[in-house]
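Source file: entry15.txt. Holds: compact mmCIF, C-alpha atoms.
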```txt
# COMPACT_ATOMS: atom_id res chain seq x y z
CA MET A 1 0.00 0.00 0.00
CA SER A 2 1.24 3.51 -0.72
CA ASP A 3 2.08 5.88 2.11
CA VAL A 4 -0.99 7.93 1.27
CA GLY A 5 -3.22 4.85 1.54
CA LYS A 6 -1.70 3.98 4.91
CA ILE A 7 -2.13 7.55 6.10
CA ILE A 8 -5.82 7.51 5.17
CA ASN A 9 -6.21 4.29 7.18
CA LYS A 10 -4.47 5.89 10.16
CA VAL A 11 -6.79 8.88 9.99
CA ARG A 12 -9.80 6.56 10.08
CA GLU A 13 -8.45 5.03 13.30
CA ILE A 14 -8.52 8.38 15.08
CA LYS A 15 -11.27 8.50 17.67
CA PRO A 16 -14.30 10.68 16.95
CA ILE A 17 -14.62 13.81 19.05
CA PRO A 18 -17.02 13.67 21.99
CA ALA A 19 -20.49 15.12 21.50
CA ILE A 20 -19.84 17.87 24.03
CA VAL A 21 -16.96 19.23 21.96
CA SER A 22 -18.92 19.27 18.70
CA LYS A 23 -21.74 20.98 20.54
CA ALA A 24 -19.29 23.57 21.86
CA PHE A 25 -18.20 24.16 18.27
CA ALA A 26 -21.72 24.53 17.02
CA LEU A 27 -22.43 27.12 19.71
CA LEU A 28 -19.22 29.05 18.97
CA SER A 29 -20.11 29.30 15.31
CA GLU A 30 -23.51 30.84 16.05
CA GLU A 31 -23.83 34.59 16.00
CA ASP A 32 -25.26 34.80 19.49
CA TYR A 33 -26.00 32.01 21.84
CA ASP A 34 -27.73 31.56 25.15
CA ILE A 35 -25.48 31.25 28.20
CA GLY A 36 -27.98 28.81 29.68
CA GLU A 37 -27.44 26.52 26.75
CA VAL A 38 -23.67 26.57 27.21
CA GLU A 39 -24.14 25.78 30.88
CA LYS A 40 -26.49 22.90 30.09
CA VAL A 41 -24.11 21.30 27.61
CA ILE A 42 -21.13 21.47 29.97
CA SER A 43 -22.96 20.29 33.06
CA LEU A 44 -23.83 17.04 31.27
CA ASP A 45 -20.19 16.00 31.50
CA PRO A 46 -18.79 15.80 35.06
CA GLY A 47 -15.22 15.19 33.86
CA ILE A 48 -15.17 18.31 31.72
CA THR A 49 -16.94 20.31 34.43
CA ALA A 50 -14.19 19.41 36.89
CA ASP A 51 -11.43 20.23 34.41
CA LEU A 52 -13.08 23.50 33.47
CA LEU A 53 -13.32 24.64 37.09
CA LYS A 54 -9.73 23.62 37.73
CA MET A 55 -8.58 25.68 34.77
CA ALA A 56 -10.80 28.65 35.65
CA ASN A 57 -9.25 28.72 39.13
CA SER A 58 -5.67 28.45 37.88
CA PRO A 59 -3.32 31.42 38.27
CA PHE A 60 -3.45 31.79 34.48
CA TYR A 61 -6.78 33.61 34.77
CA GLY A 62 -5.85 35.21 38.03
CA PHE A 63 -9.25 35.50 39.72
CA LYS A 64 -9.11 36.00 43.46
CA SER A 65 -12.52 34.62 44.34
CA LYS A 66 -13.15 30.94 43.83
CA ILE A 67 -15.08 29.87 40.76
CA ASP A 68 -17.11 26.88 41.90
CA THR A 69 -19.94 26.49 39.40
CA VAL A 70 -20.16 26.27 35.64
CA LYS A 71 -22.47 29.25 35.62
CA ARG A 72 -20.01 31.35 37.61
CA ALA A 73 -17.22 30.32 35.22
CA ILE A 74 -19.30 31.46 32.27
CA VAL A 75 -20.15 34.78 33.91
CA VAL A 76 -16.57 35.49 35.00
CA LEU A 77 -14.64 34.19 31.99
CA GLY A 78 -17.25 34.78 29.30
CA SER A 79 -18.88 31.99 27.35
CA LYS A 80 -16.40 32.17 24.48
CA ASN A 81 -13.50 31.56 26.83
CA VAL A 82 -15.35 28.70 28.46
CA LEU A 83 -16.02 27.05 25.11
CA ASP A 84 -12.37 27.59 24.13
CA ILE A 85 -11.29 25.91 27.36
CA ILE A 86 -13.46 22.87 26.64
CA ILE A 87 -12.00 22.49 23.18
CA THR A 88 -8.49 23.02 24.55
CA LEU A 89 -8.97 20.37 27.22
CA HIS A 90 -10.06 17.92 24.59
CA ALA A 91 -7.39 18.89 22.06
CA THR A 92 -4.58 17.96 24.46
CA THR A 93 -5.37 14.29 23.92
CA PHE A 94 -4.38 14.37 20.28
CA ILE A 95 -2.01 17.34 20.03
CA LYS A 96 0.09 16.89 23.16
CA LYS A 97 2.05 13.98 21.75
CA ASP A 98 5.56 13.59 20.37
CA ALA A 99 5.70 14.16 16.63
CA PRO A 100 8.38 11.80 15.31
CA GLY A 101 9.95 12.78 12.03
CA TYR A 102 9.59 16.42 13.02
CA SER A 103 11.51 15.69 16.25
CA ILE A 104 9.11 17.81 18.28
CA GLU A 105 8.39 16.71 21.85
CA ALA A 106 4.84 16.57 23.18
CA LYS A 107 5.26 19.64 25.35
CA GLN A 108 6.62 21.69 22.46
CA MET A 109 3.84 20.52 20.11
CA TRP A 110 1.34 21.68 22.68
CA LEU A 111 3.09 24.98 23.31
CA HIS A 112 3.16 25.72 19.57
CA ALA A 113 -0.56 24.90 19.23
CA LEU A 114 -1.52 27.07 22.20
CA MET A 115 0.61 29.96 20.99
CA VAL A 116 -0.89 29.88 17.50
CA ALA A 117 -4.37 29.71 19.03
CA PHE A 118 -3.76 32.73 21.25
CA THR A 119 -2.06 34.65 18.45
CA CYS A 120 -5.01 33.98 16.10
CA ASP A 121 -7.34 35.36 18.70
CA ALA A 122 -5.09 38.35 19.43
CA ILE A 123 -4.68 39.31 15.76
CA ALA A 124 -8.41 38.91 15.14
CA ARG A 125 -9.15 41.29 18.01
CA LYS A 126 -6.47 43.74 16.88
CA LEU A 127 -7.99 43.84 13.42
CA GLY A 128 -11.58 43.84 14.67
CA LEU A 129 -12.42 40.56 12.94
CA ARG A 130 -14.77 37.78 14.00
CA SER A 131 -12.75 35.52 16.21
CA ASP A 132 -15.23 32.82 17.20
CA VAL A 133 -13.44 29.78 15.84
CA ALA A 134 -10.04 31.44 15.31
CA TYR A 135 -8.72 30.05 18.57
CA THR A 136 -9.80 26.52 17.72
CA ALA A 137 -8.43 26.70 14.19
CA GLY A 138 -5.11 27.84 15.62
CA LEU A 139 -5.09 25.08 18.17
CA LEU A 140 -5.68 22.36 15.59
CA HIS A 141 -3.80 23.64 12.55
CA ASP A 142 -0.93 21.12 12.85
CA VAL A 143 -2.98 18.08 13.89
CA GLY A 144 -1.85 16.40 10.65
CA LYS A 145 1.74 16.28 11.90
CA GLN A 146 0.70 13.64 14.41
CA VAL A 147 -0.18 11.20 11.63
CA LEU A 148 2.33 12.30 9.01
CA GLY A 149 5.26 12.26 11.44
CA GLU A 150 5.40 8.46 11.52
CA PHE A 151 5.78 8.37 7.75
CA LEU A 152 8.20 11.25 7.67
CA LYS A 153 10.57 9.56 10.11
CA LYS A 154 12.42 7.50 7.50
CA LYS A 155 12.38 10.25 4.89
CA VAL A 156 13.13 13.39 6.82
CA GLU A 157 16.74 13.66 5.61
CA ASN A 158 15.51 13.34 2.07
CA ALA A 159 12.91 16.07 2.64
CA LEU A 160 15.49 18.42 4.16
CA GLN A 161 17.79 17.84 1.20
CA ILE A 162 15.00 18.87 -1.17
CA VAL A 163 14.39 22.05 0.86
CA LYS A 164 18.08 22.85 0.73
CA ASP A 165 18.80 21.98 -2.90
CA GLU A 166 15.68 23.36 -4.49
CA ASN A 167 14.81 26.14 -2.09
CA VAL A 168 11.24 24.91 -1.74
CA SER A 169 9.11 24.82 1.42
CA PHE A 170 9.06 21.85 3.76
CA LEU A 171 5.40 21.37 2.81
CA GLU A 172 6.41 20.83 -0.81
CA ALA A 173 9.18 18.49 0.34
CA GLU A 174 6.63 16.44 2.34
CA ARG A 175 4.56 16.06 -0.82
CA ARG A 176 7.59 14.95 -2.81
CA VAL A 177 8.76 12.29 -0.34
CA ILE A 178 5.40 11.08 1.02
CA GLY A 179 2.80 12.08 -1.53
CA THR A 180 0.84 14.37 0.78
CA ASP A 181 1.52 17.04 3.40
CA HIS A 182 0.61 17.70 7.06
CA ALA A 183 -1.89 20.44 6.20
CA GLU A 184 -3.86 18.13 3.90
CA VAL A 185 -3.76 15.26 6.38
CA GLY A 186 -4.93 17.63 9.13
CA ALA A 187 -7.84 18.72 6.95
CA ILE A 188 -8.86 15.10 6.36
CA ILE A 189 -8.80 14.47 10.10
CA ALA A 190 -10.98 17.56 10.65
CA GLU A 191 -13.37 16.38 7.93
CA ASN A 192 -13.62 13.03 9.67
CA TRP A 193 -14.63 14.89 12.81
CA ASN A 194 -17.33 16.67 10.82
CA PHE A 195 -15.84 20.05 11.57
CA PRO A 196 -17.33 23.08 9.79
CA ARG A 197 -16.01 23.57 6.29
CA GLU A 198 -14.42 26.91 7.16
CA LEU A 199 -12.35 25.25 9.85
CA VAL A 200 -11.35 22.35 7.59
CA ASN A 201 -10.19 24.83 4.97
CA ALA A 202 -8.23 26.88 7.48
CA ILE A 203 -6.29 23.74 8.41
CA ARG A 204 -5.89 22.62 4.79
CA PHE A 205 -4.57 25.96 3.53
CA HIS A 206 -2.76 27.27 6.59
CA HIS A 207 0.57 27.30 4.75
CA GLU A 208 -0.83 28.21 1.33
CA PRO A 209 -3.83 30.51 1.68
CA HIS A 210 -3.52 31.52 -1.99
CA LYS A 211 -4.54 27.99 -3.03
CA SER A 212 -7.87 28.32 -1.26
CA GLU A 213 -10.72 29.12 -3.66
CA GLU A 214 -12.69 31.10 -1.12
CA LEU A 215 -9.85 32.83 0.69
CA SER A 216 -11.38 33.25 4.15
CA GLU A 217 -10.23 35.57 6.88
CA LEU A 218 -9.95 32.55 9.15
CA THR A 219 -7.43 30.83 6.86
CA CYS A 220 -5.41 34.04 6.64
CA LEU A 221 -5.48 34.50 10.42
CA VAL A 222 -4.18 31.00 11.05
CA HIS A 223 -1.51 31.51 8.41
CA VAL A 224 -0.24 34.78 9.84
CA ALA A 225 -0.39 33.54 13.45
CA ASP A 226 1.49 30.37 12.50
CA CYS A 227 4.12 32.40 10.63
CA MET A 228 4.66 34.52 13.73
CA VAL A 229 4.96 31.58 16.10
CA LEU A 230 7.21 29.68 13.67
CA SER A 231 9.40 32.76 13.33
CA SER A 232 9.70 32.96 17.11
CA GLY A 233 11.02 29.38 17.05
CA ILE A 234 8.40 28.11 19.53
CA GLY A 235 7.78 24.40 18.98
CA THR A 236 9.70 24.23 15.73
CA GLY A 237 11.13 20.91 14.63
CA THR A 238 13.25 19.54 11.83
CA ASP A 239 11.03 21.51 9.45
CA GLY A 240 12.08 24.70 11.23
CA LEU A 241 10.93 27.90 9.58
CA ALA A 242 11.04 26.42 6.09
CA TYR A 243 7.59 27.56 4.99
CA GLU A 244 6.43 30.37 2.75
CA ILE A 245 4.82 33.57 3.95
CA ASP A 246 1.86 34.26 1.66
CA PRO A 247 1.54 37.97 0.78
CA LYS A 248 -2.08 37.34 -0.27
CA ALA A 249 -2.99 36.54 3.34
CA LEU A 250 -1.38 39.74 4.63
CA GLU A 251 -3.20 41.71 1.96
CA LYS A 252 -6.55 40.10 2.76
CA LEU A 253 -6.20 40.99 6.43
CA GLY A 254 -5.04 44.49 5.55
CA ILE A 255 -1.67 44.05 7.24
CA SER A 256 0.95 46.17 5.57
CA SER A 257 3.96 44.12 4.62
CA ILE A 258 6.18 47.19 4.78
CA ASP A 259 5.33 48.75 8.14
CA PRO A 260 6.95 46.63 10.84
CA THR A 261 4.86 48.06 13.70
CA PHE A 262 1.94 45.67 13.43
CA ILE A 263 4.01 42.53 13.11
CA ASP A 264 6.53 43.58 15.76
CA SER A 265 3.86 44.61 18.28
CA ALA A 266 2.02 41.34 17.80
CA TYR A 267 5.35 39.59 18.25
CA LEU A 268 5.89 41.31 21.59
CA GLU A 269 2.43 40.30 22.79
CA LEU A 270 3.24 36.76 21.79
CA ALA A 271 6.34 36.79 23.99
CA GLU A 272 4.37 37.98 26.99
CA LYS A 273 1.72 35.35 26.41
CA LEU A 274 4.45 32.72 26.21
CA LYS A 275 5.59 33.57 29.74
CA ASP A 276 2.01 33.16 31.05
CA ILE A 277 1.56 29.85 29.30
CA GLU A 278 4.91 28.50 30.40
CA ASN A 279 4.08 29.39 34.00
CA GLU A 280 0.75 27.65 33.60
CA LEU A 281 2.20 24.50 32.07
CA GLY A 282 5.05 24.42 34.57
CA GLU A 283 8.68 24.38 33.56
CA MET B 284 24.74 23.97 36.84
CA VAL B 285 22.77 24.82 33.72
CA ILE B 286 21.42 28.34 33.54
CA VAL B 287 18.48 28.63 31.12
CA VAL B 288 17.87 31.88 29.29
CA GLY B 289 14.27 32.37 28.14
CA MET B 290 13.04 34.33 25.16
CA GLY B 291 13.70 38.02 25.77
CA ASP B 292 16.09 37.34 28.62
CA MET B 293 19.79 37.49 29.56
CA LYS B 294 21.87 35.58 32.08
CA VAL B 295 25.52 35.67 33.07
CA GLY B 296 27.49 33.06 34.99
CA GLU B 297 30.89 31.75 35.90
CA ASN B 298 32.63 28.41 35.72
CA PRO B 299 31.61 25.68 36.49
CA GLY B 300 28.40 25.28 34.52
CA SER B 301 26.80 26.22 31.26
CA ILE B 302 24.30 28.71 29.90
CA LEU B 303 21.59 27.48 27.55
CA THR B 304 18.93 29.10 25.40
CA TYR B 305 16.31 27.16 23.43
CA ALA B 306 14.73 27.58 20.04
CA LEU B 307 16.28 30.62 18.46
CA GLY B 308 14.13 31.16 15.39
CA SER B 309 14.36 34.70 14.12
CA CYS B 310 15.55 35.76 17.57
CA ILE B 311 19.26 36.33 18.11
CA GLY B 312 21.38 34.63 20.72
CA ILE B 313 24.60 36.42 21.62
CA SER B 314 27.12 34.55 23.69
CA ALA B 315 29.97 36.58 25.22
CA TYR B 316 32.81 34.95 27.15
CA ASP B 317 36.05 35.90 28.87
CA PRO B 318 38.43 32.89 28.69
CA VAL B 319 40.69 34.19 31.46
CA LEU B 320 37.97 34.67 34.08
CA LYS B 321 35.82 31.89 32.61
CA VAL B 322 32.84 34.19 32.90
CA GLY B 323 30.21 34.55 30.22
CA GLY B 324 26.63 35.35 29.34
CA ILE B 325 23.92 34.80 26.77
CA LEU B 326 21.34 37.32 25.60
CA HIS B 327 18.27 36.05 23.70
CA TYR B 328 16.45 39.02 22.15
CA MET B 329 13.37 39.02 19.95
CA LEU B 330 13.26 42.30 18.11
CA PRO B 331 15.88 44.78 17.00
CA ASP B 332 14.67 48.14 18.20
CA ALA B 333 13.28 49.26 21.56
CA SER B 334 11.76 52.39 20.04
CA LEU B 335 8.80 50.18 19.07
CA ASP B 336 7.59 50.20 22.67
CA PRO B 337 9.73 52.15 25.15
CA ASN B 338 7.49 51.16 28.07
CA LYS B 339 7.94 47.48 27.45
CA ALA B 340 11.64 48.06 26.88
CA ARG B 341 11.94 49.67 30.31
CA LYS B 342 10.15 46.72 31.87
CA ASN B 343 12.21 44.17 29.97
CA PRO B 344 15.17 45.58 28.04
CA TYR B 345 16.25 42.07 26.99
CA MET B 346 13.41 41.82 24.49
CA PHE B 347 15.24 44.21 22.19
CA GLY B 348 18.66 44.21 20.60
CA ASN B 349 19.54 47.85 21.13
CA THR B 350 18.67 47.77 24.84
CA GLY B 351 19.73 44.17 25.57
CA ILE B 352 23.17 44.14 23.95
CA PRO B 353 24.64 47.02 26.01
CA LEU B 354 23.28 45.41 29.20
CA LEU B 355 24.87 42.05 28.37
CA PHE B 356 28.28 43.71 28.16
CA LYS B 357 27.73 45.96 31.19
CA SER B 358 26.78 42.92 33.28
CA LEU B 359 29.98 41.17 32.21
CA TYR B 360 32.18 44.22 32.87
CA LYS B 361 30.74 44.35 36.40
CA LEU B 362 32.10 40.85 36.92
CA GLY B 363 35.54 42.02 35.87
CA VAL B 364 35.43 40.88 32.27
CA VAL B 365 37.89 42.70 30.02
CA LYS B 366 36.59 43.91 26.69
CA SER B 367 39.64 42.97 24.65
CA ARG B 368 39.37 39.35 25.78
CA ILE B 369 35.67 38.83 25.04
CA GLN B 370 34.77 36.11 22.55
CA VAL B 371 31.45 36.89 20.91
CA LYS B 372 29.48 34.17 19.15
CA ILE B 373 26.12 34.71 17.50
CA ALA B 374 23.34 32.33 16.46
CA GLY B 375 19.75 32.60 15.23
CA GLY B 376 18.31 35.21 12.90
CA ALA B 377 16.45 32.68 10.74
CA ASP B 378 13.54 33.74 8.58
CA MET B 379 10.75 32.00 6.73
CA PHE B 380 10.79 31.82 2.95
CA ASN B 381 9.50 34.90 1.24
CA ALA B 382 9.87 36.93 4.46
CA LEU B 383 9.16 40.25 2.83
CA GLY B 384 9.45 43.65 4.44
CA ALA B 385 8.24 43.64 8.01
CA PHE B 386 8.34 39.89 8.35
CA ASN B 387 12.08 39.50 8.00
CA ILE B 388 12.56 39.78 11.72
CA GLY B 389 15.62 37.52 11.67
CA LYS B 390 17.50 39.69 9.24
CA ARG B 391 16.59 42.90 11.04
CA ASN B 392 17.67 41.34 14.34
CA TYR B 393 21.01 40.28 12.92
CA MET B 394 21.67 43.71 11.41
CA MET B 395 21.14 45.31 14.82
CA ALA B 396 23.71 42.99 16.43
CA ARG B 397 26.27 43.70 13.71
CA LYS B 398 25.70 47.42 13.89
CA LEU B 399 25.97 47.74 17.68
CA LEU B 400 28.96 45.43 18.03
CA TRP B 401 30.80 47.20 15.23
CA LYS B 402 30.05 50.62 16.72
CA ASN B 403 31.51 49.47 20.02
CA GLY B 404 34.59 47.91 18.48
CA ILE B 405 33.68 44.35 19.41
CA LEU B 406 34.56 41.65 16.91
CA ILE B 407 32.34 38.67 16.26
CA THR B 408 34.46 35.55 16.82
CA THR B 409 32.13 33.23 14.95
CA GLU B 410 28.48 32.97 14.00
CA ASP B 411 25.78 30.68 12.64
CA VAL B 412 22.92 32.86 11.46
CA GLY B 413 20.15 32.98 8.88
CA GLY B 414 18.57 30.15 6.94
CA THR B 415 15.25 28.58 7.91
CA ILE B 416 16.29 26.49 10.91
CA SER B 417 15.78 26.94 14.63
CA ARG B 418 18.77 26.60 16.92
CA THR B 419 19.48 25.87 20.54
CA MET B 420 22.65 27.50 21.87
CA ARG B 421 24.77 26.34 24.81
CA LEU B 422 27.83 28.08 26.25
CA GLU B 423 30.22 25.93 28.30
CA LEU B 424 31.71 28.20 30.94
CA ASP B 425 34.73 25.97 31.46
CA THR B 426 36.03 26.11 27.89
CA GLY B 427 34.04 28.87 26.21
CA ASP B 428 32.84 26.38 23.62
CA VAL B 429 29.46 27.19 22.14
CA PHE B 430 27.34 24.30 20.89
CA ILE B 431 24.51 24.67 18.42
CA LYS B 432 21.77 22.07 18.25
CA CYS B 433 19.03 21.87 15.64
CA PRO B 434 15.97 19.59 16.01
CA GLY B 435 16.73 16.01 14.98
CA LYS B 436 20.47 16.72 14.58
CA GLU B 437 23.58 16.22 16.66
CA PRO B 438 25.04 19.33 18.31
CA TYR B 439 28.12 20.89 16.79
CA THR B 440 30.71 23.40 18.01
CA LEU B 441 30.34 26.93 16.76
```
If you took the structure in this file and wrote it as structure tokens, what would it be?
Amino acid sequence: MSDVGKIINKVREIKPIPAIVSKAFALLSEEDYDIGEVEKVISLDPGITADLLKMANSPFYGFKSKIDTVKRAIVVLGSKNVLDIIITLHATTFIKKDAPGYSIEAKQMWLHALMVAFTCDAIARKLGLRSDVAYTAGLLHDVGKQVLGEFLKKKVENALQIVKDENVSFLEAERRVIGTDHAEVGAIIAENWNFPRELVNAIRFHHEPHKSEELSELTCLVHVADCMVLSSGIGTGTDGLAYEIDPKALEKLGISSIDPTFIDSAYLELAEKLKDIENELGE
Amino acid sequence: MVIVVGMGDMKVGENPGSILTYALGSCIGISAYDPVLKVGGILHYMLPDASLDPNKARKNPYMFGNTGIPLLFKSLYKLGVVKSRIQVKIAGGADMFNALGAFNIGKRNYMMARKLLWKNGILITTEDVGGTISRTMRLELDTGDVFIKCPGKEPYTL
């Protein structure tokens, strides 16, 4: 069987996402939703309720008074944050793993995912864009690396040689040595989970927004956030920074590619966020 | 003892031990070492110019090249380090492909290091900068050797 065939089989073996997480998604994607409904969905799952309260009370959010009910968490953190937390808690199970081939350890994979998620959200707010699923898209953009990594392991030297000799991106090198790339595999995983089309596309085109027929703001956000986090070196592996920056995405978001202020300021925010997250995760 | 330098941070130390900084992407790592005293330091800065945000630069000068570099050297001089003996080694400054204009943070960072060191009459002993790789940098305070490690590769001496 070809690598691509084996990869498709691997993707099919990935567990479906729990109903509570898809419900959280559905709510996030709605224009406005009822807090009561969010509360109802969460309260159905005692495990997630416990994790949510633990996270809400962590120093990361820095609330002095104790948050002891789901309702209180929603009021204090806001329902979007609560839904983001639920998705984050679930995402750890398939993102926080070593990615062989890329030589990225579990903790670094997770740190990269969290940083891209926060940066997506931060850029969206800075630009005044809808940011409902931006965080989630950022969190999951590299999920394909978890499956592709196994296949890349034997061929990584070959891929790096192609990058070096032909000056092409690592994504292109993955396609040459394996027949597909981590963005495509990630999109197939997201499709299997029945994720909204916009989210699937953001994962599929996160390195090549210009290839997307309906160039969405979400895809561009994930692209720019990923470029920033990759540039910072956070959670980079053998692939390093060897990806293209797509000027079309910058243009679509109205980010000037000449004025360094926007990029540099966002970069500073990213560094501050990194400190918070590292404290939260523990050294 | 291993002293770890975070992103936008600087640490100095003396033998025995080593100073380590992880994942230099477009950031710059500057290692400075006095072989007689066996005292050295590493600065890991993120952006070239503190004029972007003077408030943040006051709070953490190590985020920026033009505020962090002078402090690295001042901290070493306080420990008795002599300028003429300092070995300066630089790593990082990578960029993505097609890093146009504002996005070529690595290149802008590297230019700031060159400019400031040159202005102050400090020679760069050796460097490993640019490209599209991320690097981890370790200074051995016993020998002054600097090791560079890239993901999935064996470390090598700079």
Checklist entry - Can you list, as a PyMOL selection string, every protein, DNA or RNA residue that comes within 10 Å of Ile14 of chain A when you count all atoms listed in the file, leaving out same-chain residues fewer than 4 positions away? => result chain A and resi 9-10+94+147+189+192-193
Checklist entry - For chain A, which residues have at least one atom within 6 Å of chain B, if we go by all atoms listed in the file? Write them as a PyMOL selection string, please. => result chain A and resi 103+231-233+237-238+240-245+257-260
Item to check | Residue list as a list in words for point (-8.8, 22.9, 30.6), cut-off 10 Å, all atoms listed in the file | outcome: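 Neighbouring residues, ordered by chain and number, come to Ile48, Thr49, Ala50, Asp51, Leu52, Leu53, Lys54, Met55, Ala56, Ser58, Val82, Leu83, Asp84, Ile85, Ile86, Ile87, Thr88, Leu89, His90, Ala91 and Thr92 of chain A.
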Next on the checklist: Here is a test: counting only C-alpha atoms, which residue of A:Phe170, A:Phe205, A:Phe60, A:Phe151 is nearest to Lys275 of chain A?
Outcome noted: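 The answer is A:Phe60, which sits nearest to Lys275 of chain A.
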Checklist entry - Which of these residues is nearest to Thr426 of chain B, using all atoms listed in the file: B:Trp401, B:Lys390, B:Thr440, B:Gly413? => result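 Among the listed residues, the smallest separation from Thr426 of chain B belongs to B:Thr440.
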Item to check | Ref. answer, residues at most 12 Å from (-4.2, 40.2, 18.4) with only C-alpha atoms, as a PyMOL selection string | outcome: chain A and resi 115-131+134-135+221-222+224-225+228+262-270+273
Item to check | Distance query Lys321 of chain B at most 12 Å, all atoms listed in the file, self and fewer than 2 positions along chain excluded, as a VMD selection string | outcome: chain B and resid 295 to 301 315 to 319 323 to 324 359 362 to 365 368 to 370 422 to 428
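For the set A:Glu13, A:Glu213, A:Glu208, A:Glu198, the residue with the smallest atom-to-atom gap to Asp246 of chain A is A:Glu208, counting all atoms listed in the file.
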Checklist entry - Mind pulling up the distance from atom CA of Val429 of chain B to atom CA of Lys357 of chain B? => result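 It comes out at 20.9 Å.
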Next on the checklist: Using Å and a single decimal, report how far atom CA of Leu326 of chain B sits from atom CA of Tyr345 of chain B.
Outcome noted: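 We find that atom CA of Tyr345 of chain B and atom CA of Leu326 of chain B lie 7.1 Å from each other.
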Item to check | Å distance separating atom CA of Ala190 of chain A from atom CA of Leu253 of chain A, one decimal place | outcome: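 Interatomic distance, atom CA of Ala190 of chain A to atom CA of Leu253 of chain A: 24.3 Å.
Take the candidates B:Val322, B:Ile311, B:Leu354, B:Ile431 and check each one against Asn392 of chain B using only C-alpha atoms; the shortest distance goes to B:Ile311.
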Next on the checklist: Given all atoms listed in the file as the basis, pick out the residue of B:Asp292, B:Thr304, B:Gly312, B:Arg391 nearest to Ala340 of chain B.
Outcome noted: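 Nearest candidate to Ala340 of chain B out of B:Asp292, B:Thr304, B:Gly312, B:Arg391: B:Asp292.
Of the listed residues B:Leu406, B:Ile302, B:Leu399, B:Leu320, the one whose atoms come nearest to Met284 of chain B is B:Ile302, with distances taken using all atoms listed in the file.
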Item to check | Nearby residues (only C-alpha atoms) at most 8 Å from Val70 of chain A, same-chain spacing under 2 positions excluded, as an MDAnalysis selection string | outcome: chainID A and resid 39 42:43 49 52:53 68 72:74
